[in-house]
>>> print(open('run_5.tsv').read())   # TSV, C-alpha atoms
chain	number	residue	atom	x	y	z
M	1	MET	CA	3.61	25.88	10.46
M	2	ILE	CA	2.91	22.15	10.31
M	3	PRO	CA	5.87	20.49	12.07
M	4	ASP	CA	6.45	17.82	9.40
M	5	HIS	CA	6.53	17.96	5.59
M	6	ARG	CA	4.53	14.73	5.32
M	7	LEU	CA	1.62	16.34	7.12
M	8	ARG	CA	1.85	19.40	4.85
M	9	LEU	CA	1.69	17.05	1.90
M	10	ILE	CA	-1.43	15.35	3.28
M	11	PHE	CA	-3.21	18.68	3.67
M	12	THR	CA	-2.22	19.62	0.13
M	13	CYS	CA	-3.62	16.39	-1.27
M	14	CYS	CA	-6.78	16.86	0.81
M	15	HIS	CA	-7.63	20.20	-0.77
M	16	PRO	CA	-11.41	20.77	-1.17
M	17	ALA	CA	-10.94	21.26	-4.92
M	18	LEU	CA	-10.57	17.47	-5.09
M	19	ALA	CA	-13.35	14.96	-4.48
M	20	PRO	CA	-13.15	13.28	-1.04
M	21	LYS	CA	-12.29	9.86	-2.47
M	22	THR	CA	-9.61	11.38	-4.69
M	23	ARG	CA	-8.01	13.20	-1.76
M	24	VAL	CA	-7.51	9.95	0.10
M	25	ALA	CA	-6.30	8.01	-2.92
M	26	LEU	CA	-3.80	10.67	-3.98
M	27	THR	CA	-2.26	10.91	-0.53
M	28	LEU	CA	-1.92	7.14	-0.25
M	29	ARG	CA	-0.12	7.08	-3.59
M	30	THR	CA	2.07	10.16	-3.04
M	31	LEU	CA	2.92	9.89	0.65
M	32	GLY	CA	2.09	6.34	1.65
M	33	GLY	CA	3.96	4.79	-1.26
M	34	LEU	CA	1.10	2.42	-2.04
M	35	THR	CA	0.70	1.10	-5.56
M	36	THR	CA	-2.32	2.00	-7.65
M	37	GLY	CA	-3.49	-1.60	-7.28
M	38	GLN	CA	-3.27	-1.49	-3.48
M	39	ILE	CA	-5.25	1.75	-3.37
M	40	ALA	CA	-7.86	0.35	-5.75
M	41	SER	CA	-8.22	-2.68	-3.47
M	42	ALA	CA	-8.73	-0.44	-0.43
M	43	PHE	CA	-11.61	1.29	-2.22
M	44	LEU	CA	-12.95	-1.88	-3.88
M	45	ASP	CA	-12.31	-0.23	-7.26
M	46	SER	CA	-10.63	-1.48	-10.43
M	47	GLU	CA	-6.97	-0.62	-10.88
M	48	ILE	CA	-7.68	1.08	-14.22
M	49	ALA	CA	-10.37	3.34	-12.75
M	50	MET	CA	-8.13	4.26	-9.82
M	51	GLY	CA	-5.22	5.05	-12.13
M	52	GLN	CA	-7.42	7.42	-14.11
M	53	ARG	CA	-8.62	9.08	-10.91
M	54	LEU	CA	-5.04	9.68	-9.74
M	55	SER	CA	-3.98	11.10	-13.10
M	56	ARG	CA	-6.88	13.55	-13.11
M	57	ALA	CA	-6.06	14.60	-9.53
M	58	ARG	CA	-2.43	15.41	-10.35
M	59	ALA	CA	-3.50	17.42	-13.36
M	60	LYS	CA	-6.03	19.35	-11.30
M	61	ILE	CA	-3.45	20.22	-8.61
M	62	ALA	CA	-1.06	21.51	-11.27
M	63	THR	CA	-3.73	23.51	-13.10
M	64	ALA	CA	-5.23	25.03	-9.95
M	65	GLY	CA	-1.85	25.81	-8.40
M	66	ILE	CA	-2.83	24.26	-5.07
M	67	PRO	CA	-0.20	25.40	-2.53
M	68	PHE	CA	1.91	23.11	-0.36
M	69	LYS	CA	0.94	24.67	2.97
M	70	LEU	CA	-1.25	24.53	6.06
M	71	PRO	CA	-4.86	25.62	5.45
M	72	GLU	CA	-6.14	28.73	7.17
M	73	PRO	CA	-7.56	28.11	10.67
M	74	GLU	CA	-11.15	28.54	9.48
M	75	ASP	CA	-10.60	25.88	6.77
M	76	LEU	CA	-8.91	23.32	9.02
M	77	PRO	CA	-12.03	21.52	10.34
M	78	GLU	CA	-13.33	20.93	6.80
M	79	ARG	CA	-10.04	19.31	5.79
M	80	LEU	CA	-9.50	17.36	8.98
M	81	ASN	CA	-11.80	14.40	8.29
M	82	SER	CA	-10.12	13.69	4.95
M	83	VAL	CA	-6.71	13.85	6.60
M	84	LEU	CA	-7.77	11.49	9.38
M	85	THR	CA	-9.16	9.08	6.79
M	86	VAL	CA	-5.85	9.15	4.93
M	87	VAL	CA	-3.88	8.43	8.09
M	88	TYR	CA	-6.25	5.58	8.95
M	89	LEU	CA	-5.91	3.99	5.50
M	90	ILE	CA	-2.12	4.31	5.63
M	91	PHE	CA	-2.26	2.41	8.92
M	92	ASN	CA	-4.53	-0.23	7.41
M	93	ALA	CA	-2.14	-0.73	4.51
M	94	GLY	CA	0.69	-1.37	6.97
M	95	TYR	CA	-1.48	-3.62	9.11
M	96	THR	CA	-2.42	-5.75	6.10
M	97	ALA	CA	1.20	-6.03	4.99
M	98	GLY	CA	2.25	-7.11	8.49
M	99	PRO	CA	5.60	-6.62	10.24
M	100	GLY	CA	8.96	-7.05	8.56
M	101	HIS	CA	8.61	-4.62	5.65
M	102	ASP	CA	11.22	-1.99	4.88
M	103	ARG	CA	8.80	0.84	5.60
M	104	ASP	CA	6.39	0.41	8.48
M	105	LEU	CA	3.24	2.27	7.48
M	106	CYS	CA	1.63	1.59	10.87
M	107	ASP	CA	4.35	3.52	12.68
M	108	GLU	CA	4.18	6.23	10.00
M	109	ALA	CA	0.41	6.60	10.52
M	110	ILE	CA	0.72	6.78	14.30
M	111	PHE	CA	3.46	9.42	13.96
M	112	LEU	CA	1.20	11.51	11.72
M	113	ALA	CA	-1.79	11.06	14.03
M	114	ARG	CA	0.29	12.33	16.95
M	115	LEU	CA	1.25	15.38	14.88
M	116	LEU	CA	-2.41	16.03	14.13
M	117	ASN	CA	-3.23	15.73	17.82
M	118	ARG	CA	-0.65	18.44	18.56
M	119	LEU	CA	-1.82	20.58	15.65
M	120	GLN	CA	-5.49	20.36	16.64
M	121	PRO	CA	-5.52	19.63	20.41
M	122	ALA	CA	-8.67	18.75	22.35
M	123	THR	CA	-10.43	17.58	19.17
M	124	ALA	CA	-12.53	14.48	19.81
M	125	GLU	CA	-12.19	12.84	16.39
M	126	VAL	CA	-8.42	13.36	16.28
M	127	GLU	CA	-8.12	11.76	19.71
M	128	GLY	CA	-10.45	8.99	18.61
M	129	ALA	CA	-8.39	8.27	15.49
M	130	LEU	CA	-5.13	8.14	17.44
M	131	ALA	CA	-6.78	5.92	20.04
M	132	LEU	CA	-7.94	3.53	17.34
M	133	LEU	CA	-4.44	3.20	15.87
M	134	LEU	CA	-2.79	2.70	19.26
M	135	VAL	CA	-5.25	0.08	20.49
M	136	THR	CA	-4.98	-1.87	17.24
M	137	HIS	CA	-1.18	-1.60	17.07
M	138	SER	CA	-0.78	-2.67	20.70
M	139	ARG	CA	-1.60	-6.24	19.62
M	140	ARG	CA	1.03	-6.34	16.88
M	141	ALA	CA	3.49	-8.75	18.52
M	142	ALA	CA	0.79	-11.41	19.00
M	143	ARG	CA	-0.73	-11.27	15.51
M	144	VAL	CA	1.59	-13.74	13.77
M	145	VAL	CA	3.26	-16.80	15.33
M	146	GLU	CA	5.62	-19.02	13.31
M	147	GLY	CA	4.40	-17.51	10.06
M	148	VAL	CA	0.69	-18.02	10.76
M	149	SER	CA	-1.81	-15.30	11.67
M	150	VAL	CA	-3.50	-15.70	15.05
M	151	ALA	CA	-7.15	-14.82	15.62
M	152	LEU	CA	-7.68	-12.10	18.21
M	153	ALA	CA	-9.46	-14.48	20.59
M	154	ASP	CA	-6.47	-16.87	20.50
M	155	GLN	CA	-3.68	-14.33	20.89
M	156	ASN	CA	-1.21	-14.44	23.76
M	157	ARG	CA	-2.22	-11.29	25.60
M	158	THR	CA	1.06	-11.12	27.49
M	159	LEU	CA	2.61	-10.11	24.16
M	160	TRP	CA	0.36	-7.08	23.84
M	161	ASN	CA	1.91	-3.66	24.41
M	162	ARG	CA	0.01	-2.73	27.55
M	163	PRO	CA	1.23	0.91	27.82
M	164	MET	CA	0.14	1.53	24.22
M	165	LEU	CA	-3.24	-0.08	24.87
M	166	ASP	CA	-3.70	1.98	28.04
M	167	GLU	CA	-2.77	5.18	26.19
M	168	GLY	CA	-5.36	4.41	23.54
M	169	GLN	CA	-8.04	3.80	26.17
M	170	GLU	CA	-7.17	7.07	27.93
M	171	LEU	CA	-7.36	9.02	24.66
M	172	LEU	CA	-10.74	7.47	23.88
M	173	ASP	CA	-12.04	8.42	27.32
M	174	GLN	CA	-10.92	12.01	26.72
M	175	ALA	CA	-12.59	12.06	23.31
M	176	VAL	CA	-15.90	10.65	24.55
M	177	GLY	CA	-15.90	13.17	27.38
M	178	ARG	CA	-15.99	16.01	24.85
M	179	ARG	CA	-19.49	14.87	23.79
M	180	SER	CA	-18.81	15.32	20.10
M	181	PRO	CA	-19.31	11.79	18.72
M	182	GLY	CA	-17.91	10.70	15.38
M	183	PRO	CA	-16.91	7.59	13.42
M	184	PHE	CA	-13.31	7.38	14.61
M	185	GLN	CA	-14.39	7.40	18.23
M	186	ILE	CA	-16.87	4.61	17.47
M	187	LYS	CA	-14.19	2.54	15.76
M	188	ALA	CA	-11.83	3.09	18.68
M	189	ALA	CA	-14.53	1.99	21.13
M	190	ILE	CA	-15.07	-1.17	19.07
M	191	ALA	CA	-11.33	-1.88	19.12
M	192	VAL	CA	-11.25	-1.46	22.91
M	193	LEU	CA	-14.22	-3.81	23.35
M	194	HIS	CA	-12.50	-6.40	21.14
M	195	SER	CA	-9.58	-6.27	23.59
M	196	ARG	CA	-11.80	-7.33	26.48
M	197	ASP	CA	-11.93	-10.98	27.53
M	198	PRO	CA	-14.55	-11.90	26.53
M	199	PRO	CA	-15.56	-9.16	24.06
M	200	ASP	CA	-18.87	-7.41	24.72
M	201	TRP	CA	-20.56	-8.53	21.50
M	202	PRO	CA	-23.98	-6.91	22.07
M	203	GLN	CA	-22.26	-3.55	22.63
M	204	ILE	CA	-19.98	-4.10	19.63
M	205	ALA	CA	-23.03	-4.83	17.46
M	206	ALA	CA	-24.74	-1.68	18.77
M	207	LEU	CA	-21.65	0.40	17.98
M	208	TYR	CA	-21.50	-0.95	14.43
M	209	ALA	CA	-25.16	-0.02	14.02
M	210	GLY	CA	-24.23	3.51	15.11
M	211	LEU	CA	-21.23	3.55	12.77
M	212	LEU	CA	-23.55	2.75	9.86
M	213	CYS	CA	-25.16	6.15	10.39
M	214	HIS	CA	-21.79	7.75	9.58
M	215	GLU	CA	-20.40	5.21	7.12
M	216	PRO	CA	-23.13	3.08	5.46
M	217	THR	CA	-20.54	1.05	3.52
M	218	PRO	CA	-20.53	-2.66	2.63
M	219	VAL	CA	-17.50	-3.24	4.87
M	220	VAL	CA	-19.21	-1.75	7.93
M	221	ARG	CA	-22.31	-3.81	7.12
M	222	LEU	CA	-20.12	-6.91	7.00
M	223	ASN	CA	-18.62	-6.19	10.42
M	224	HIS	CA	-22.07	-5.49	11.83
M	225	ALA	CA	-23.31	-8.85	10.54
M	226	VAL	CA	-20.36	-10.68	12.12
M	227	ALA	CA	-21.03	-8.97	15.45
M	228	LEU	CA	-24.69	-9.98	15.23
M	229	ALA	CA	-23.64	-13.59	14.66
M	230	GLU	CA	-21.55	-13.45	17.83
M	231	THR	CA	-24.63	-12.36	19.78
M	232	GLY	CA	-26.46	-15.49	18.59
M	233	ALA	CA	-28.28	-14.07	15.56
M	234	LEU	CA	-26.60	-16.48	13.11
M	235	SER	CA	-29.46	-16.74	10.59
M	236	GLU	CA	-29.86	-12.96	10.42
M	237	ALA	CA	-26.11	-12.53	9.99
M	238	LEU	CA	-25.97	-15.01	7.10
M	239	GLU	CA	-28.90	-13.27	5.46
M	240	ARG	CA	-27.11	-9.92	5.74
M	241	LEU	CA	-23.94	-11.44	4.28
M	242	GLY	CA	-25.92	-12.78	1.34
M	243	ALA	CA	-27.02	-9.25	0.51
M	244	LEU	CA	-23.35	-8.18	0.36
M	245	SER	CA	-22.10	-10.93	-1.95
M	246	ASP	CA	-21.92	-8.73	-5.05
M	247	ALA	CA	-20.48	-5.63	-3.40
M	248	LEU	CA	-17.78	-7.62	-1.59
M	249	ALA	CA	-17.11	-10.33	-4.18
M	250	ASP	CA	-13.36	-9.56	-4.19
M	251	TYR	CA	-13.02	-8.64	-0.51
M	252	GLN	CA	-11.12	-11.35	1.36
M	253	PRO	CA	-12.54	-10.72	4.86
M	254	PHE	CA	-16.06	-11.19	3.50
M	255	HIS	CA	-15.31	-14.73	2.31
M	256	ALA	CA	-13.40	-15.58	5.50
M	257	ALA	CA	-16.28	-14.38	7.69
M	258	ARG	CA	-18.87	-16.13	5.54
M	259	ALA	CA	-16.89	-19.39	5.71
M	260	GLU	CA	-16.82	-19.30	9.51
M	261	LEU	CA	-20.54	-18.56	9.81
M	262	LEU	CA	-21.43	-21.27	7.29
M	263	VAL	CA	-19.47	-23.77	9.39
M	264	ARG	CA	-21.49	-22.78	12.45
M	265	ASP	CA	-24.66	-23.24	10.43
M	266	GLY	CA	-23.62	-26.75	9.36
M	267	GLN	CA	-23.17	-25.83	5.67
M	268	ILE	CA	-19.74	-27.43	5.36
M	269	ALA	CA	-19.53	-27.72	1.55
M	270	ALA	CA	-20.41	-24.05	1.10
M	271	ALA	CA	-18.00	-23.13	3.88
M	272	LEU	CA	-15.11	-24.97	2.20
M	273	ALA	CA	-15.79	-23.09	-1.05
M	274	ALA	CA	-15.82	-19.79	0.85
M	275	TYR	CA	-12.53	-20.71	2.54
M	276	ASP	CA	-11.00	-21.46	-0.86
M	277	ARG	CA	-11.97	-18.03	-2.13
M	278	ALA	CA	-10.68	-16.35	1.03
M	279	ILE	CA	-7.34	-18.16	0.73
M	280	GLU	CA	-7.10	-17.13	-2.92
M	281	LEU	CA	-7.58	-13.48	-1.92
M	282	ALA	CA	-5.42	-13.59	1.23
M	283	PRO	CA	-3.14	-10.49	1.37
M	284	SER	CA	-0.24	-12.30	3.06
M	285	PRO	CA	1.20	-15.82	3.43
M	286	ALA	CA	0.45	-15.65	7.17
M	287	ASP	CA	-3.24	-15.02	6.52
M	288	ALA	CA	-3.34	-17.75	3.88
M	289	ALA	CA	-1.78	-20.21	6.34
M	290	PHE	CA	-4.31	-19.27	9.02
M	291	LEU	CA	-7.26	-19.74	6.67
M	292	THR	CA	-5.86	-23.03	5.36
M	293	ARG	CA	-5.68	-24.38	8.90
M	294	ARG	CA	-9.25	-23.27	9.51
M	295	ARG	CA	-10.40	-24.92	6.31
M	296	ASN	CA	-8.57	-28.18	6.97
M	297	ARG	CA	-10.33	-28.67	10.30
M	298	HIS	CA	-13.50	-29.45	8.37
M	299	LEU	CA	-12.14	-31.83	5.73
M	300	SER	CA	-12.45	-35.04	7.73
>>> encode(input="run_5.tsv", output="structure tokens")
Amino acid sequence: MIPDHRLRLIFTCCHPALAPKTRVALTLRTLGGLTTGQIASAFLDSEIAMGQRLSRARAKIATAGIPFKLPEPEDLPERLNSVLTVVYLIFNAGYTAGPGHDRDLCDEAIFLARLLNRLQPATAEVEGALALLLVTHSRRAARVVEGVSVALADQNRTLWNRPMLDEGQELLDQAVGRRSPGPFQIKAAIAVLHSRDPPDWPQIAALYAGLLCHEPTPVVRLNHAVALAETGALSEALERLGALSDALADYQPFHAARAELLVRDGQIAAALAAYDRAIELAPSPADAAFLTRRRNRHLS
């Protein structure tokens, strides 16, 4: 028996009768408490389209009589990736909201990932997913100072939770040693490399290139382009960002990254416009304050 009702609910929502995207969206709405608009934003969809998707999913569960229980052992691997994706997106929703909210979705996601690790021990992608959450969460206390977000490179590392970071690194080492690579392990490795001082940008760029084989999404392409810029390939990175302008038109990190790269390329007017759009789309006052400071450096 799954040791927590929330995990049983995730497996129910991740039933193979539902489309993969619907499984994730339904769980975020039902268990994560996210609004339809927040879920739509996570998928870069319209709120109306996401609302229709969720309504159809609920109707399908009721009609099919999908049970609220653990899948049979032979069905568990098929369902596991959807469940890991749900847990990861719950964490991301909490990370975007930042600390101080009534319900901490980051802690919730880590709790669920630990349950999954006990349910399916010695599974590389489960270990990789938990490692990713721990490494990212270990930097929580340094992310916002006096109401302003702090870039990773500028964070006070003495505020990082070192035991949590070390646990994440150890889990990643275990996962990699199983020689069963997957996207969560790659993301965890990228998070670990970002924690190095300085980050290993060529390796990060190579890992994003590998991640594209698993997840050829606009967001991964954006992160790959940023990593390429950090290796010195600024012109190539800007060209790659240009190709993503339609797909990521309403995605705040795209405009923030583009603004920074345009500044480096000397295109200040275009950079200021990109900063304005990023500030408009900022998910929190702390992020808006950070971007405003960045923008104001280039006004004089």
>>> closest_residue(input="run_5.tsv", among="M:Glu260, M:Asp250, M:Glu127, M:Glu72", to="M:Leu115", atoms="all atoms listed in the file")
M:Glu127
>>> closest_atom_pairs(input="run_5.tsv", of="stretch 40-114 of chain M", to="stretch 213-234 of chain M", cutoff="12 Å", atoms="only C-alpha atoms", output="JSON lines")
{"residue": "M:Ala42", "atom": "CA", "partner": "M:Val219", "partner_atom": "CA", "distance": 10.6}
{"residue": "M:Phe43", "atom": "CA", "partner": "M:Val219", "partner_atom": "CA", "distance": 10.3}
{"residue": "M:Leu44", "atom": "CA", "partner": "M:Val219", "partner_atom": "CA", "distance": 10.0}
{"residue": "M:Thr85", "atom": "CA", "partner": "M:Glu215", "partner_atom": "CA", "distance": 11.9}
>>> write_last_selection(input="run_5.tsv", atoms="C-alpha atoms", output="compact mmCIF listing (two decimals), in the coordinates of the input")
# COMPACT_ATOMS: atom_id res chain seq x y z
CA ALA M 42 -8.73 -0.44 -0.43
CA PHE M 43 -11.61 1.29 -2.22
CA LEU M 44 -12.95 -1.88 -3.88
CA THR M 85 -9.16 9.08 6.79
>>> residues_around(input="run_5.tsv", residues="M:Ile190", least_positions_apart="2", cutoff="8 Å", atoms="only C-alpha atoms", output="PDB file with C-alpha atoms, in the coordinates of the input")
ATOM      1  CA  ILE M 186     -16.870   4.610  17.470  1.00  0.00           C
ATOM      2  CA  LYS M 187     -14.190   2.540  15.760  1.00  0.00           C
ATOM      3  CA  ALA M 188     -11.830   3.090  18.680  1.00  0.00           C
ATOM      4  CA  VAL M 192     -11.250  -1.460  22.910  1.00  0.00           C
ATOM      5  CA  LEU M 193     -14.220  -3.810  23.350  1.00  0.00           C
ATOM      6  CA  HIS M 194     -12.500  -6.400  21.140  1.00  0.00           C
ATOM      7  CA  ILE M 204     -19.980  -4.100  19.630  1.00  0.00           C
ATOM      8  CA  LEU M 207     -21.650   0.400  17.980  1.00  0.00           C
ATOM      9  CA  TYR M 208     -21.500  -0.950  14.430  1.00  0.00           C
TER      10      TYR M 208
END
>>> residues_near_point(input="run_5.tsv", point="(-11.6, -17.0, 7.0)", cutoff="12 Å", atoms="all atoms listed in the file", output="ChimeraX atom specification")
/M:149-151,226,251-263,271-282,287-296
>>> atom_distance(input="run_5.tsv", atom1="atom CA of M:Ala25", atom2="atom CA of M:Pro121")
26.1 Å
>>> closest_residue(input="run_5.tsv", among="M:Pro71, M:Gly182, M:Gly128, M:Gly65", to="M:Leu212", atoms="only C-alpha atoms")
M:Gly182
>>> atom_distance(input="run_5.tsv", atom1="atom CA of M:Asp173", atom2="atom CA of M:Gln203")
16.4 Å
>>> residues_near_point(input="run_5.tsv", point="(-1.6, -0.9, 18.4)", cutoff="12 Å", atoms="only C-alpha atoms", output="PyMOL selection string")
chain M and resi 91-92+94-95+106-107+109-110+129-143+159-169+188+191-192+195
>>> atom_distance(input="run_5.tsv", atom1="atom CA of M:Pro181", atom2="atom CA of M:Ala124")
7.4 Å
